[in-house]
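*Asks:* Provided below: model-v2.tsv, containing TSV, C-alpha atoms.
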chain	number	residue	atom	x	y	z
A	1	MET	CA	42.16	13.73	-22.54
A	2	GLU	CA	44.77	12.56	-20.09
A	3	VAL	CA	45.99	9.96	-22.61
A	4	VAL	CA	46.16	12.51	-25.42
A	5	SER	CA	48.22	14.98	-23.42
A	6	THR	CA	50.61	12.19	-22.36
A	7	ASP	CA	51.03	11.15	-26.00
A	8	ARG	CA	51.70	14.74	-26.92
A	9	ALA	CA	54.33	15.06	-24.17
A	10	ASP	CA	55.96	11.81	-25.35
A	11	PHE	CA	55.96	13.06	-28.95
A	12	TRP	CA	57.81	16.23	-27.96
A	13	ARG	CA	60.19	14.20	-25.80
A	14	GLY	CA	60.96	12.25	-29.00
A	15	VAL	CA	61.56	15.47	-30.93
A	16	LYS	CA	63.97	16.61	-28.22
A	17	ASP	CA	65.82	13.27	-28.17
A	18	CYS	CA	66.22	13.59	-31.95
A	19	ILE	CA	68.09	16.92	-31.79
A	20	PRO	CA	71.64	15.40	-31.65
A	21	THR	CA	70.99	13.71	-35.01
A	22	TRP	CA	69.92	16.93	-36.75
A	23	ILE	CA	73.49	18.13	-37.49
A	24	GLY	CA	74.09	14.80	-39.20
A	25	TYR	CA	70.92	15.09	-41.28
A	26	ILE	CA	71.72	18.67	-42.27
A	27	GLY	CA	75.29	17.84	-43.31
A	28	VAL	CA	74.32	14.79	-45.35
A	29	GLY	CA	71.08	16.41	-46.59
A	30	LEU	CA	72.93	19.41	-48.04
A	31	ALA	CA	75.37	17.03	-49.75
A	32	VAL	CA	72.56	14.87	-51.15
A	33	GLY	CA	70.78	17.97	-52.49
A	34	VAL	CA	73.92	19.34	-54.16
A	35	VAL	CA	74.91	15.98	-55.69
A	36	SER	CA	71.36	15.27	-56.90
A	37	VAL	CA	71.13	18.60	-58.72
A	38	ALA	CA	74.57	17.99	-60.21
A	39	SER	CA	73.32	14.64	-61.53
A	40	GLY	CA	70.57	16.39	-63.49
A	41	LEU	CA	67.60	16.34	-61.11
A	42	ALA	CA	65.41	19.42	-60.73
A	43	ILE	CA	64.89	20.83	-57.22
A	44	TRP	CA	61.31	19.51	-57.07
A	45	GLN	CA	62.56	16.06	-58.11
A	46	VAL	CA	65.12	16.12	-55.28
A	47	LEU	CA	62.29	16.92	-52.86
A	48	LEU	CA	60.19	14.05	-54.30
A	49	PHE	CA	63.08	11.61	-53.82
A	50	SER	CA	63.50	12.80	-50.24
A	51	ILE	CA	59.78	12.26	-49.58
A	52	ILE	CA	59.35	8.92	-51.36
A	53	VAL	CA	62.75	7.21	-50.94
A	54	TYR	CA	63.85	9.07	-47.77
A	55	ALA	CA	67.28	7.46	-47.40
A	56	GLY	CA	70.52	9.45	-47.54
A	57	SER	CA	72.99	6.84	-48.72
A	58	ALA	CA	70.54	5.45	-51.31
A	59	GLN	CA	69.78	8.94	-52.66
A	60	LEU	CA	73.52	9.65	-53.04
A	61	ILE	CA	74.01	6.34	-54.86
A	62	ILE	CA	70.98	6.92	-57.12
A	63	ALA	CA	72.48	10.29	-58.12
A	64	ALA	CA	75.86	8.67	-58.85
A	65	LEU	CA	74.23	5.89	-60.90
A	66	LEU	CA	72.17	8.42	-62.88
A	67	VAL	CA	75.39	10.22	-63.83
A	68	ALA	CA	76.97	6.88	-64.75
A	69	GLY	CA	73.97	6.16	-67.00
A	70	SER	CA	73.07	2.91	-65.22
A	71	PRO	CA	69.95	1.02	-66.36
A	72	VAL	CA	66.75	1.76	-64.40
A	73	LEU	CA	66.47	-1.79	-63.04
A	74	ALA	CA	70.09	-1.74	-61.84
A	75	ILE	CA	69.41	1.51	-59.95
A	76	ILE	CA	66.28	0.09	-58.30
A	77	PHE	CA	68.01	-3.17	-57.36
A	78	THR	CA	70.99	-1.29	-55.89
A	79	THR	CA	68.59	0.84	-53.83
A	80	PHE	CA	66.97	-2.36	-52.55
A	81	ILE	CA	70.33	-3.79	-51.41
A	82	VAL	CA	71.47	-0.49	-49.86
A	83	ASN	CA	68.27	-0.16	-47.84
A	84	LEU	CA	67.87	-3.82	-46.91
A	85	ARG	CA	69.51	-3.11	-43.53
A	86	ASN	CA	66.25	-1.37	-42.56
A	87	LEU	CA	64.74	-4.87	-42.32
A	88	LEU	CA	67.32	-5.78	-39.65
A	89	LEU	CA	66.87	-2.49	-37.81
A	90	GLY	CA	63.08	-2.93	-37.85
A	91	MET	CA	63.27	-6.54	-36.62
A	92	THR	CA	65.43	-5.35	-33.73
A	93	ILE	CA	63.12	-2.66	-32.38
A	94	ALA	CA	59.64	-3.47	-33.78
A	95	PRO	CA	58.79	-5.93	-30.95
A	96	HIS	CA	58.94	-2.99	-28.50
A	97	PHE	CA	56.04	-1.35	-30.35
A	98	ALA	CA	53.93	-4.49	-30.81
A	99	SER	CA	51.11	-3.13	-28.62
A	100	SER	CA	50.60	-0.05	-30.83
A	101	GLY	CA	47.92	0.09	-33.52
A	102	ARG	CA	48.72	-1.33	-36.96
A	103	TRP	CA	48.70	2.04	-38.77
A	104	SER	CA	50.85	3.58	-36.08
A	105	ARG	CA	53.36	0.75	-36.63
A	106	VAL	CA	53.26	1.24	-40.41
A	107	GLY	CA	54.09	4.90	-39.74
A	108	LEU	CA	57.00	3.93	-37.47
A	109	GLY	CA	58.43	1.63	-40.14
A	110	THR	CA	57.92	4.10	-42.99
A	111	LEU	CA	60.05	6.78	-41.33
A	112	LEU	CA	62.64	4.48	-39.73
A	113	THR	CA	66.24	5.57	-40.38
A	114	ASP	CA	69.70	4.55	-39.14
A	115	GLU	CA	69.69	7.56	-36.85
A	116	SER	CA	66.20	7.14	-35.38
A	117	PHE	CA	66.96	3.43	-34.92
A	118	GLY	CA	70.20	4.36	-33.16
A	119	VAL	CA	68.54	6.72	-30.71
A	120	ALA	CA	65.66	4.27	-30.09
A	121	ALA	CA	67.89	1.20	-29.62
A	122	GLN	CA	70.00	3.16	-27.14
A	123	ALA	CA	66.94	4.39	-25.22
A	124	ILE	CA	65.54	0.85	-25.10
A	125	SER	CA	68.76	-0.65	-23.78
A	126	GLU	CA	68.98	2.09	-21.12
A	127	GLY	CA	65.49	1.12	-20.00
A	128	LYS	CA	63.95	4.51	-20.81
A	129	ARG	CA	60.20	4.76	-21.42
A	130	VAL	CA	59.80	4.19	-25.14
A	131	ASN	CA	56.44	4.21	-26.91
A	132	ALA	CA	55.02	4.90	-30.36
A	133	ALA	CA	54.31	8.61	-29.67
A	134	TRP	CA	57.94	9.15	-28.62
A	135	MET	CA	59.24	7.30	-31.70
A	136	HIS	CA	56.90	9.31	-33.97
A	137	GLY	CA	58.39	12.50	-32.48
A	138	LEU	CA	61.86	11.21	-33.29
A	139	ASN	CA	60.90	10.10	-36.83
A	140	VAL	CA	58.74	13.04	-37.86
A	141	SER	CA	61.21	15.71	-36.78
A	142	ALA	CA	64.05	13.80	-38.50
A	143	CYS	CA	62.01	13.61	-41.71
A	144	PHE	CA	61.19	17.32	-41.56
A	145	ILE	CA	64.88	18.24	-41.14
A	146	TRP	CA	65.76	15.89	-44.02
A	147	LEU	CA	63.24	17.45	-46.43
A	148	VAL	CA	64.37	20.98	-45.56
A	149	SER	CA	68.12	20.25	-45.78
A	150	THR	CA	68.02	18.23	-49.02
A	151	THR	CA	65.88	20.92	-50.68
A	152	LEU	CA	68.22	23.62	-49.37
A	153	GLY	CA	71.17	21.59	-50.71
A	154	ALA	CA	69.46	21.40	-54.11
A	155	VAL	CA	68.92	25.17	-54.13
A	156	ILE	CA	72.56	25.77	-53.13
A	157	GLY	CA	73.63	23.27	-55.80
A	158	GLU	CA	71.90	25.37	-58.46
A	159	TRP	CA	74.08	28.36	-57.51
A	160	VAL	CA	77.32	26.88	-56.19
A	161	PRO	CA	78.45	23.82	-58.15
A	162	ASP	CA	80.83	22.41	-55.54
A	163	PRO	CA	80.47	23.71	-51.96
A	164	THR	CA	82.85	21.97	-49.57
A	165	VAL	CA	81.12	21.30	-46.30
A	166	TYR	CA	84.15	21.06	-44.06
A	167	GLY	CA	83.78	18.50	-41.35
A	168	LEU	CA	80.01	18.18	-41.73
A	169	ASP	CA	80.48	14.82	-43.44
A	170	PHE	CA	81.90	13.60	-40.12
A	171	ALA	CA	78.62	14.28	-38.26
A	172	LEU	CA	77.26	10.82	-39.01
A	173	PRO	CA	80.36	8.75	-38.12
A	174	ALA	CA	80.64	10.88	-34.95
A	175	LEU	CA	76.99	10.16	-34.10
A	176	PHE	CA	77.39	6.40	-34.57
A	177	THR	CA	80.71	6.42	-32.67
A	178	GLY	CA	78.86	8.08	-29.78
A	179	LEU	CA	76.06	5.51	-29.87
A	180	LEU	CA	78.64	2.71	-29.98
A	181	VAL	CA	80.49	4.14	-26.96
A	182	PHE	CA	77.22	4.52	-24.98
A	183	GLN	CA	76.29	0.94	-25.81
A	184	LEU	CA	79.68	-0.46	-24.74
A	185	ALA	CA	79.76	1.66	-21.57
A	186	GLN	CA	76.58	0.11	-20.22
A	187	GLU	CA	77.37	-3.52	-21.05
A	188	ALA	CA	78.49	-6.03	-18.42
A	189	PRO	CA	82.25	-6.79	-18.70
A	190	ALA	CA	81.84	-10.24	-20.32
A	191	ARG	CA	79.40	-8.92	-22.90
A	192	ARG	CA	81.62	-5.90	-23.54
A	193	LYS	CA	84.59	-8.17	-24.25
A	194	LEU	CA	82.44	-10.02	-26.80
A	195	SER	CA	81.32	-6.68	-28.31
A	196	PHE	CA	84.95	-5.67	-28.87
A	197	GLU	CA	85.52	-8.99	-30.65
A	198	LEU	CA	82.46	-8.28	-32.81
A	199	ILE	CA	83.73	-4.79	-33.68
A	200	VAL	CA	86.95	-6.38	-34.95
A	201	THR	CA	84.91	-9.03	-36.79
A	202	VAL	CA	82.79	-6.35	-38.50
A	203	ILE	CA	85.89	-4.31	-39.50
A	204	VAL	CA	87.66	-7.37	-40.94
A	205	THR	CA	84.53	-8.62	-42.75
A	206	MET	CA	83.84	-5.20	-44.23
A	207	THR	CA	87.43	-4.68	-45.37
A	208	LEU	CA	87.47	-8.05	-47.12
A	209	THR	CA	83.99	-7.55	-48.62
A	210	SER	CA	84.91	-4.06	-49.84
A	211	LEU	CA	87.79	-5.49	-51.87
A	212	VAL	CA	85.22	-7.13	-54.17
A	213	PHE	CA	81.87	-5.40	-53.59
A	214	PRO	CA	80.69	-1.79	-53.13
A	215	THR	CA	80.90	-0.62	-49.50
A	216	TYR	CA	77.11	-0.65	-49.03
A	217	VAL	CA	77.20	-4.44	-49.54
A	218	ALA	CA	79.95	-4.51	-46.91
A	219	ILE	CA	77.61	-2.85	-44.34
A	220	LEU	CA	75.13	-5.70	-44.70
A	221	ALA	CA	77.81	-8.41	-44.77
A	222	GLY	CA	79.60	-6.96	-41.72
A	223	THR	CA	76.38	-6.78	-39.69
A	224	LEU	CA	75.18	-10.27	-40.64
A	225	VAL	CA	78.57	-11.88	-39.93
A	226	GLY	CA	79.04	-9.87	-36.71
A	227	ALA	CA	75.64	-10.77	-35.22
A	228	THR	CA	76.09	-14.43	-36.21
A	229	VAL	CA	79.58	-14.64	-34.67
A	230	GLY	CA	78.18	-13.02	-31.51
A	231	THR	CA	75.39	-15.61	-31.32
A	232	VAL	CA	77.74	-18.56	-31.89
A	233	ARG	CA	80.34	-17.24	-29.40
A	234	SER	CA	77.82	-16.71	-26.59
A	235	ARG	CA	76.26	-20.19	-26.77
B	1	MET	CA	61.68	7.18	-72.30
B	2	SER	CA	62.40	10.84	-71.62
B	3	PHE	CA	64.63	11.79	-68.70
B	4	ASP	CA	61.60	12.81	-66.60
B	5	GLN	CA	59.84	9.48	-67.28
B	6	THR	CA	63.00	7.56	-66.36
B	7	ILE	CA	63.22	9.56	-63.13
B	8	LEU	CA	59.57	8.80	-62.35
B	9	VAL	CA	60.08	5.04	-62.79
B	10	ILE	CA	63.23	5.11	-60.60
B	11	LEU	CA	61.39	7.20	-58.00
B	12	ILE	CA	58.47	4.75	-57.72
B	13	GLY	CA	60.65	1.62	-57.91
B	14	ALA	CA	63.26	2.85	-55.44
B	15	GLY	CA	60.51	4.09	-53.12
B	16	LEU	CA	58.76	0.69	-53.08
B	17	VAL	CA	61.89	-1.43	-52.54
B	18	THR	CA	62.86	0.88	-49.66
B	19	TRP	CA	59.42	1.09	-48.05
B	20	VAL	CA	58.51	-2.63	-48.02
B	21	PRO	CA	61.54	-3.86	-45.97
B	22	ARG	CA	61.04	-0.84	-43.68
B	23	ILE	CA	57.46	-1.67	-42.72
B	24	ILE	CA	57.45	-5.51	-42.78
B	25	PRO	CA	58.95	-5.97	-39.28
B	26	PHE	CA	56.50	-3.40	-37.84
B	27	VAL	CA	53.43	-4.83	-39.59
B	28	PHE	CA	54.22	-8.32	-38.30
B	29	ALA	CA	55.47	-7.24	-34.86
B	30	SER	CA	53.89	-9.36	-32.17
B	31	GLU	CA	53.87	-9.32	-28.39
B	32	ARG	CA	54.78	-12.99	-28.37
B	33	PRO	CA	58.46	-13.16	-27.46
B	34	LEU	CA	60.80	-14.11	-30.29
B	35	PRO	CA	62.64	-17.46	-30.10
B	36	PRO	CA	65.65	-16.94	-27.74
B	37	ILE	CA	68.22	-17.55	-30.48
B	38	ILE	CA	66.64	-14.86	-32.68
B	39	SER	CA	66.54	-12.29	-29.84
B	40	LEU	CA	70.15	-13.15	-29.00
B	41	TRP	CA	71.14	-12.62	-32.66
B	42	LEU	CA	69.20	-9.36	-32.85
B	43	SER	CA	70.79	-8.10	-29.61
B	44	PHE	CA	74.12	-7.93	-31.48
B	45	VAL	CA	72.68	-5.83	-34.33
B	46	PRO	CA	73.17	-2.37	-32.69
B	47	VAL	CA	76.90	-2.80	-31.97
B	48	CYS	CA	77.49	-4.34	-35.41
B	49	ILE	CA	75.49	-1.78	-37.41
B	50	PHE	CA	77.00	1.21	-35.52
B	51	THR	CA	80.49	-0.17	-36.25
B	52	ALA	CA	79.57	-0.88	-39.87
B	53	LEU	CA	78.23	2.65	-40.45
B	54	VAL	CA	81.39	4.20	-38.97
B	55	VAL	CA	83.64	1.93	-41.06
B	56	ASP	CA	81.56	2.69	-44.17
B	57	SER	CA	82.18	6.41	-43.80
B	58	LEU	CA	85.95	5.86	-43.49
B	59	LEU	CA	86.31	3.40	-46.38
B	60	SER	CA	85.67	4.06	-50.03
B	61	ASN	CA	86.39	1.96	-53.09
B	62	GLU	CA	86.16	4.50	-55.84
B	63	GLY	CA	87.73	3.33	-59.08
B	64	GLY	CA	88.16	-0.18	-57.69
B	65	ALA	CA	90.87	0.80	-55.17
B	66	LEU	CA	90.04	0.56	-51.47
B	67	THR	CA	91.02	3.76	-49.65
B	68	LEU	CA	90.86	4.82	-45.99
B	69	ASP	CA	90.34	8.39	-44.75
B	70	PRO	CA	93.25	8.61	-42.24
B	71	LEU	CA	92.26	11.99	-40.75
B	72	ALA	CA	88.71	10.80	-40.07
B	73	LEU	CA	90.19	7.69	-38.47
B	74	VAL	CA	92.31	9.86	-36.12
B	75	ALA	CA	89.31	12.10	-35.38
B	76	LEU	CA	87.44	9.05	-34.04
B	77	ILE	CA	89.72	9.09	-30.96
B	78	PRO	CA	88.69	12.52	-29.52
B	79	THR	CA	85.12	11.76	-30.64
B	80	ALA	CA	84.99	8.52	-28.65
B	81	ILE	CA	86.62	10.19	-25.61
B	82	VAL	CA	84.07	13.03	-25.63
B	83	ALA	CA	81.26	10.49	-25.97
B	84	TYR	CA	82.57	8.53	-22.99
B	85	VAL	CA	83.14	11.58	-20.78
B	86	THR	CA	80.08	13.70	-21.59
B	87	ARG	CA	77.57	10.92	-22.46
B	88	SER	CA	76.03	13.55	-24.73
B	89	LEU	CA	75.35	12.87	-28.42
B	90	SER	CA	75.25	16.58	-29.27
B	91	TRP	CA	78.70	17.23	-27.79
B	92	THR	CA	80.05	14.10	-29.46
B	93	VAL	CA	78.88	15.27	-32.89
B	94	ILE	CA	80.08	18.87	-32.40
B	95	ILE	CA	83.55	17.89	-31.13
B	96	GLY	CA	83.81	15.25	-33.86
B	97	ILE	CA	83.17	17.85	-36.57
B	98	VAL	CA	85.60	20.34	-34.99
B	99	ALA	CA	88.25	17.58	-34.69
B	100	VAL	CA	88.01	16.45	-38.30
B	101	ALA	CA	87.81	20.03	-39.61
B	102	SER	CA	90.95	21.07	-37.65
B	103	LEU	CA	92.85	17.95	-38.71
B	104	ARG	CA	91.98	18.67	-42.36
B	105	PHE	CA	92.94	22.33	-41.94
B	106	PHE	CA	96.42	21.43	-40.68
B	107	PHE	CA	97.19	18.18	-42.51
B	108	ALA	CA	95.11	17.98	-45.70
Take the structure in the file and write it out as C-alpha cells.
*Replies:*
Amino acid sequence: MEVVSTDRADFWRGVKDCIPTWIGYIGVGLAVGVVSVASGLAIWQVLLFSIIVYAGSAQLIIAALLVAGSPVLAIIFTTFIVNLRNLLLGMTIAPHFASSGRWSRVGLGTLLTDESFGVAAQAISEGKRVNAAWMHGLNVSACFIWLVSTTLGAVIGEWVPDPTVYGLDFALPALFTGLLVFQLAQEAPARRKLSFELIVTVIVTMTLTSLVFPTYVAILAGTLVGATVGTVRSR
Amino acid sequence: MSFDQTILVILIGAGLVTWVPRIIPFVFASERPLPPIISLWLSFVPVCIFTALVVDSLLSNEGGALTLDPLALVALIPTAIVAYVTRSLSWTVIIGIVAVASLRFFFA
C-alpha cells in the first residue's frame, strides 16, 4: 500500500513537471490537426495518426507528403528517418529505468517524445529522484494533451482553412532553448566551454547538411557529429 | 488502392517504424554500466539535440532554398535570458511566445 501511494505521488509529480511542455504540444498539435485535415485526412484519421504514430514533426511531414502525392513506401521511410532520433534519446535515458519491469519500460519507450526526454534528461542531470512512475506521469499527460490538441486542430481545420497561430509555433524552440540554458548553467566551466563548441558544431553541421538534405536529416546529422566531436575532444 | 486503404497502410507502416526505435533502448536497458566511451558519447546528446531542435525550427529549405527566420532568431535572446534568470520552463515558453509575437507584430 505504501509502495502504491508513493508510485501515485511520483506519477502526479511527473504530470506536474510536464506542464511547461503543454503549451508547446497545444501549439504544434493544433497546427498538425489543421494541416492534416487540409491534406485530406478525416478528423478520426488525424486522431488515429496521433495515437499510433504520436510524433509531431513526422505527422506534419506525412501530411505534406500526402499532398505532394508521394509513394507510400517513401512516406514510411521518411517517417523512419525523422523519428530515428528517438533511438538516441532512448539510449541516453533508458539505463536510468533499467530496474523497472519490462512492460513498464516498453510503456516508457512507446510514449517517449523530444519534450518528455528533455524534461527527464534535465531532471536526471540535476540529480532529482527519477523513476518509472514519474516518467509515466510525464508521458501519459503529454500524450493526452497531444490527442486533445491535434483533434481540436482537426476540428478547427474543418471550419477555418488557415488559422494563424501567432507565436505559438515558437513554444517548442523556446522550450528547448530553456532546457539548453539549464543544462549549460549547471555544467562545470571546462565542460561548458566544450558544450559551446558543440553548439557551434551542431549549427555548422546542420546548415551544411540542410543545403543538400531536408532539415529533419540535419537534426540527426547535427546530433551525431556533435556528440562524436564532444567525445573526441574530451579524450 | 482507395485513399482510405492508402492511409491505413501509411498509418500502420509509419506507426511501426516509429515505435520500434522508441522501445528498443528500453527493452534492452540493463543495470550493467555502459562502456565509458558510450556513456561519454551519450552525455553529449542532450546539448546537441536541444541545439538541433532549436536550429531546426529556425531553418527551412522549402523549394530548395535555405531560409532563416530572423525574428525567431532575435526572440531567442530574451528567451534565453528569461530561462537563465527565472530557471522556469513555463516562464521561458510564455516570454518566448510573447517576444516572437511582438516582434512579428512590429516587424513582419
*Asks:* I want to know what sits within 12 Å of Pro70 of chain B, based on all atoms listed in the file, with residues of the same chain fewer than 4 positions away left out; could you give that as number ranges by chain?
*Replies:* B: 55, 57-60, 74-77, 100, 103-104, 107-108
*Asks:* From the list A:Ile26, A:Arg192, A:Glu187, A:Gly226, which residue is nearest Val204 of chain A when using all atoms listed in the file?
*Replies:* A:Gly226
*Asks:* For chain B, report every residue with an atom at most 7 Å from chain A (counting only C-alpha atoms), formatted as a ChimeraX atom specification.
*Replies:* /B:10-11,13-15,17-19,21-23,25-27,29-31,40-42,44-45,47-57,60-61,66,79-80,83-84,87,89-90,92-93,96-98,100-101
*Asks:* Just the number, please: distance in Å from atom CA of Ile81 of chain B to atom CA of Val130 of chain A, one decimal.
*Replies:*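 Computing it gives 27.5 Å between the two atoms.
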*Asks:* Here is a test: counting all atoms listed in the file, which residue of A:Leu138, A:Ala120, A:Ala190, A:Val46 is nearest to Leu8 of chain B?
*Replies:*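 Checking each of A:Leu138, A:Ala120, A:Ala190, A:Val46 against Leu8 of chain B, counting all atoms listed in the file, the winner is A:Val46.
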*Asks:* One number please: atom CA of Lys128 of chain A to atom CA of Ala188 of chain A, in Å, one decimal.
*Replies:*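 If I compute the distance from atom CA of Lys128 of chain A to atom CA of Ala188 of chain A, I get 18.1 Å.
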*Asks:* How many Å separate atom CA of Arg13 of chain A from atom CA of Gly137 of chain A?
*Replies:*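 Distance between the two atoms: 7.1 Å.
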*Asks:* Could you pull the residues within 12 Å of Gly157 of chain A, counting all atoms listed in the file, minus those fewer than 6 positions along the same chain, as a PDB file with C-alpha atoms, keeping the file's coordinate frame?
*Replies:*
ATOM      1  CA  GLY A  29      71.080  16.410 -46.590  1.00  0.00           C
ATOM      2  CA  LEU A  30      72.930  19.410 -48.040  1.00  0.00           C
ATOM      3  CA  ALA A  31      75.370  17.030 -49.750  1.00  0.00           C
ATOM      4  CA  VAL A  32      72.560  14.870 -51.150  1.00  0.00           C
ATOM      5  CA  GLY A  33      70.780  17.970 -52.490  1.00  0.00           C
ATOM      6  CA  VAL A  34      73.920  19.340 -54.160  1.00  0.00           C
ATOM      7  CA  VAL A  35      74.910  15.980 -55.690  1.00  0.00           C
ATOM      8  CA  SER A  36      71.360  15.270 -56.900  1.00  0.00           C
ATOM      9  CA  VAL A  37      71.130  18.600 -58.720  1.00  0.00           C
ATOM     10  CA  ALA A  38      74.570  17.990 -60.210  1.00  0.00           C
ATOM     11  CA  SER A  39      73.320  14.640 -61.530  1.00  0.00           C
ATOM     12  CA  GLY A  40      70.570  16.390 -63.490  1.00  0.00           C
ATOM     13  CA  LEU A  41      67.600  16.340 -61.110  1.00  0.00           C
ATOM     14  CA  ALA A  42      65.410  19.420 -60.730  1.00  0.00           C
ATOM     15  CA  ILE A  43      64.890  20.830 -57.220  1.00  0.00           C
ATOM     16  CA  VAL A  46      65.120  16.120 -55.280  1.00  0.00           C
ATOM     17  CA  SER A 149      68.120  20.250 -45.780  1.00  0.00           C
ATOM     18  CA  THR A 150      68.020  18.230 -49.020  1.00  0.00           C
ATOM     19  CA  THR A 151      65.880  20.920 -50.680  1.00  0.00           C
ATOM     20  CA  PRO A 163      80.470  23.710 -51.960  1.00  0.00           C
ATOM     21  CA  THR A 164      82.850  21.970 -49.570  1.00  0.00           C
TER      22      THR A 164
END
*Asks:* Please reconstruct the missing atoms of segment 27-43 of chain B (target: N, CA, C and O atoms) and return them as a PDB file, in the coordinates of the input.
*Replies:*
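Result written to rebuild-v4.pdb:
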ATOM      1  N   VAL B  27      54.756  -4.281 -39.313  1.00  0.00           N
ATOM      2  CA  VAL B  27      53.430  -4.830 -39.590  1.00  0.00           C
ATOM      3  C   VAL B  27      53.258  -6.169 -38.879  1.00  0.00           C
ATOM      4  O   VAL B  27      52.209  -6.463 -38.318  1.00  0.00           O
ATOM      5  N   PHE B  28      54.324  -6.985 -38.877  1.00  0.00           N
ATOM      6  CA  PHE B  28      54.220  -8.320 -38.300  1.00  0.00           C
ATOM      7  C   PHE B  28      54.722  -8.405 -36.859  1.00  0.00           C
ATOM      8  O   PHE B  28      54.857  -9.500 -36.311  1.00  0.00           O
ATOM      9  N   ALA B  29      54.994  -7.233 -36.249  1.00  0.00           N
ATOM     10  CA  ALA B  29      55.470  -7.240 -34.860  1.00  0.00           C
ATOM     11  C   ALA B  29      54.417  -7.885 -33.969  1.00  0.00           C
ATOM     12  O   ALA B  29      53.234  -7.615 -34.103  1.00  0.00           O
ATOM     13  N   SER B  30      54.869  -8.752 -33.069  1.00  0.00           N
ATOM     14  CA  SER B  30      53.890  -9.360 -32.170  1.00  0.00           C
ATOM     15  C   SER B  30      54.404  -9.304 -30.748  1.00  0.00           C
ATOM     16  O   SER B  30      55.599  -9.167 -30.501  1.00  0.00           O
ATOM     17  N   GLU B  31      53.472  -9.392 -29.789  1.00  0.00           N
ATOM     18  CA  GLU B  31      53.870  -9.320 -28.390  1.00  0.00           C
ATOM     19  C   GLU B  31      54.371 -10.653 -27.878  1.00  0.00           C
ATOM     20  O   GLU B  31      54.896 -10.735 -26.780  1.00  0.00           O
ATOM     21  N   ARG B  32      54.180 -11.705 -28.719  1.00  0.00           N
ATOM     22  CA  ARG B  32      54.780 -12.990 -28.370  1.00  0.00           C
ATOM     23  C   ARG B  32      56.284 -12.834 -28.426  1.00  0.00           C
ATOM     24  O   ARG B  32      56.804 -12.283 -29.387  1.00  0.00           O
ATOM     25  N   PRO B  33      57.007 -13.317 -27.395  1.00  0.00           N
ATOM     26  CA  PRO B  33      58.460 -13.160 -27.460  1.00  0.00           C
ATOM     27  C   PRO B  33      59.051 -13.968 -28.616  1.00  0.00           C
ATOM     28  O   PRO B  33      58.534 -15.021 -28.976  1.00  0.00           O
ATOM     29  N   LEU B  34      60.125 -13.423 -29.201  1.00  0.00           N
ATOM     30  CA  LEU B  34      60.800 -14.110 -30.290  1.00  0.00           C
ATOM     31  C   LEU B  34      61.526 -15.340 -29.722  1.00  0.00           C
ATOM     32  O   LEU B  34      61.822 -15.384 -28.527  1.00  0.00           O
ATOM     33  N   PRO B  35      61.821 -16.337 -30.573  1.00  0.00           N
ATOM     34  CA  PRO B  35      62.640 -17.460 -30.100  1.00  0.00           C
ATOM     35  C   PRO B  35      63.963 -16.914 -29.535  1.00  0.00           C
ATOM     36  O   PRO B  35      64.521 -15.976 -30.112  1.00  0.00           O
ATOM     37  N   PRO B  36      64.452 -17.489 -28.412  1.00  0.00           N
ATOM     38  CA  PRO B  36      65.650 -16.940 -27.740  1.00  0.00           C
ATOM     39  C   PRO B  36      66.836 -16.735 -28.682  1.00  0.00           C
ATOM     40  O   PRO B  36      67.535 -15.728 -28.581  1.00  0.00           O
ATOM     41  N   ILE B  37      67.048 -17.678 -29.623  1.00  0.00           N
ATOM     42  CA  ILE B  37      68.220 -17.550 -30.480  1.00  0.00           C
ATOM     43  C   ILE B  37      68.102 -16.335 -31.405  1.00  0.00           C
ATOM     44  O   ILE B  37      69.084 -15.648 -31.686  1.00  0.00           O
ATOM     45  N   ILE B  38      66.855 -16.034 -31.815  1.00  0.00           N
ATOM     46  CA  ILE B  38      66.640 -14.860 -32.680  1.00  0.00           C
ATOM     47  C   ILE B  38      66.867 -13.578 -31.879  1.00  0.00           C
ATOM     48  O   ILE B  38      67.545 -12.661 -32.336  1.00  0.00           O
ATOM     49  N   SER B  39      66.313 -13.514 -30.641  1.00  0.00           N
ATOM     50  CA  SER B  39      66.540 -12.290 -29.840  1.00  0.00           C
ATOM     51  C   SER B  39      68.004 -12.117 -29.518  1.00  0.00           C
ATOM     52  O   SER B  39      68.506 -10.998 -29.501  1.00  0.00           O
ATOM     53  N   LEU B  40      68.704 -13.238 -29.267  1.00  0.00           N
ATOM     54  CA  LEU B  40      70.150 -13.150 -29.000  1.00  0.00           C
ATOM     55  C   LEU B  40      70.852 -12.560 -30.221  1.00  0.00           C
ATOM     56  O   LEU B  40      71.634 -11.612 -30.109  1.00  0.00           O
ATOM     57  N   TRP B  41      70.523 -13.099 -31.404  1.00  0.00           N
ATOM     58  CA  TRP B  41      71.140 -12.620 -32.660  1.00  0.00           C
ATOM     59  C   TRP B  41      70.858 -11.140 -32.845  1.00  0.00           C
ATOM     60  O   TRP B  41      71.749 -10.352 -33.146  1.00  0.00           O
ATOM     61  N   LEU B  42      69.589 -10.758 -32.648  1.00  0.00           N
ATOM     62  CA  LEU B  42      69.200  -9.360 -32.850  1.00  0.00           C
ATOM     63  C   LEU B  42      69.864  -8.430 -31.833  1.00  0.00           C
ATOM     64  O   LEU B  42      70.105  -7.259 -32.118  1.00  0.00           O
ATOM     65  N   SER B  43      70.175  -8.957 -30.641  1.00  0.00           N
ATOM     66  CA  SER B  43      70.790  -8.100 -29.610  1.00  0.00           C
ATOM     67  C   SER B  43      72.194  -7.651 -30.022  1.00  0.00           C
ATOM     68  O   SER B  43      72.727  -6.703 -29.460  1.00  0.00           O
TER      69      SER B  43
END
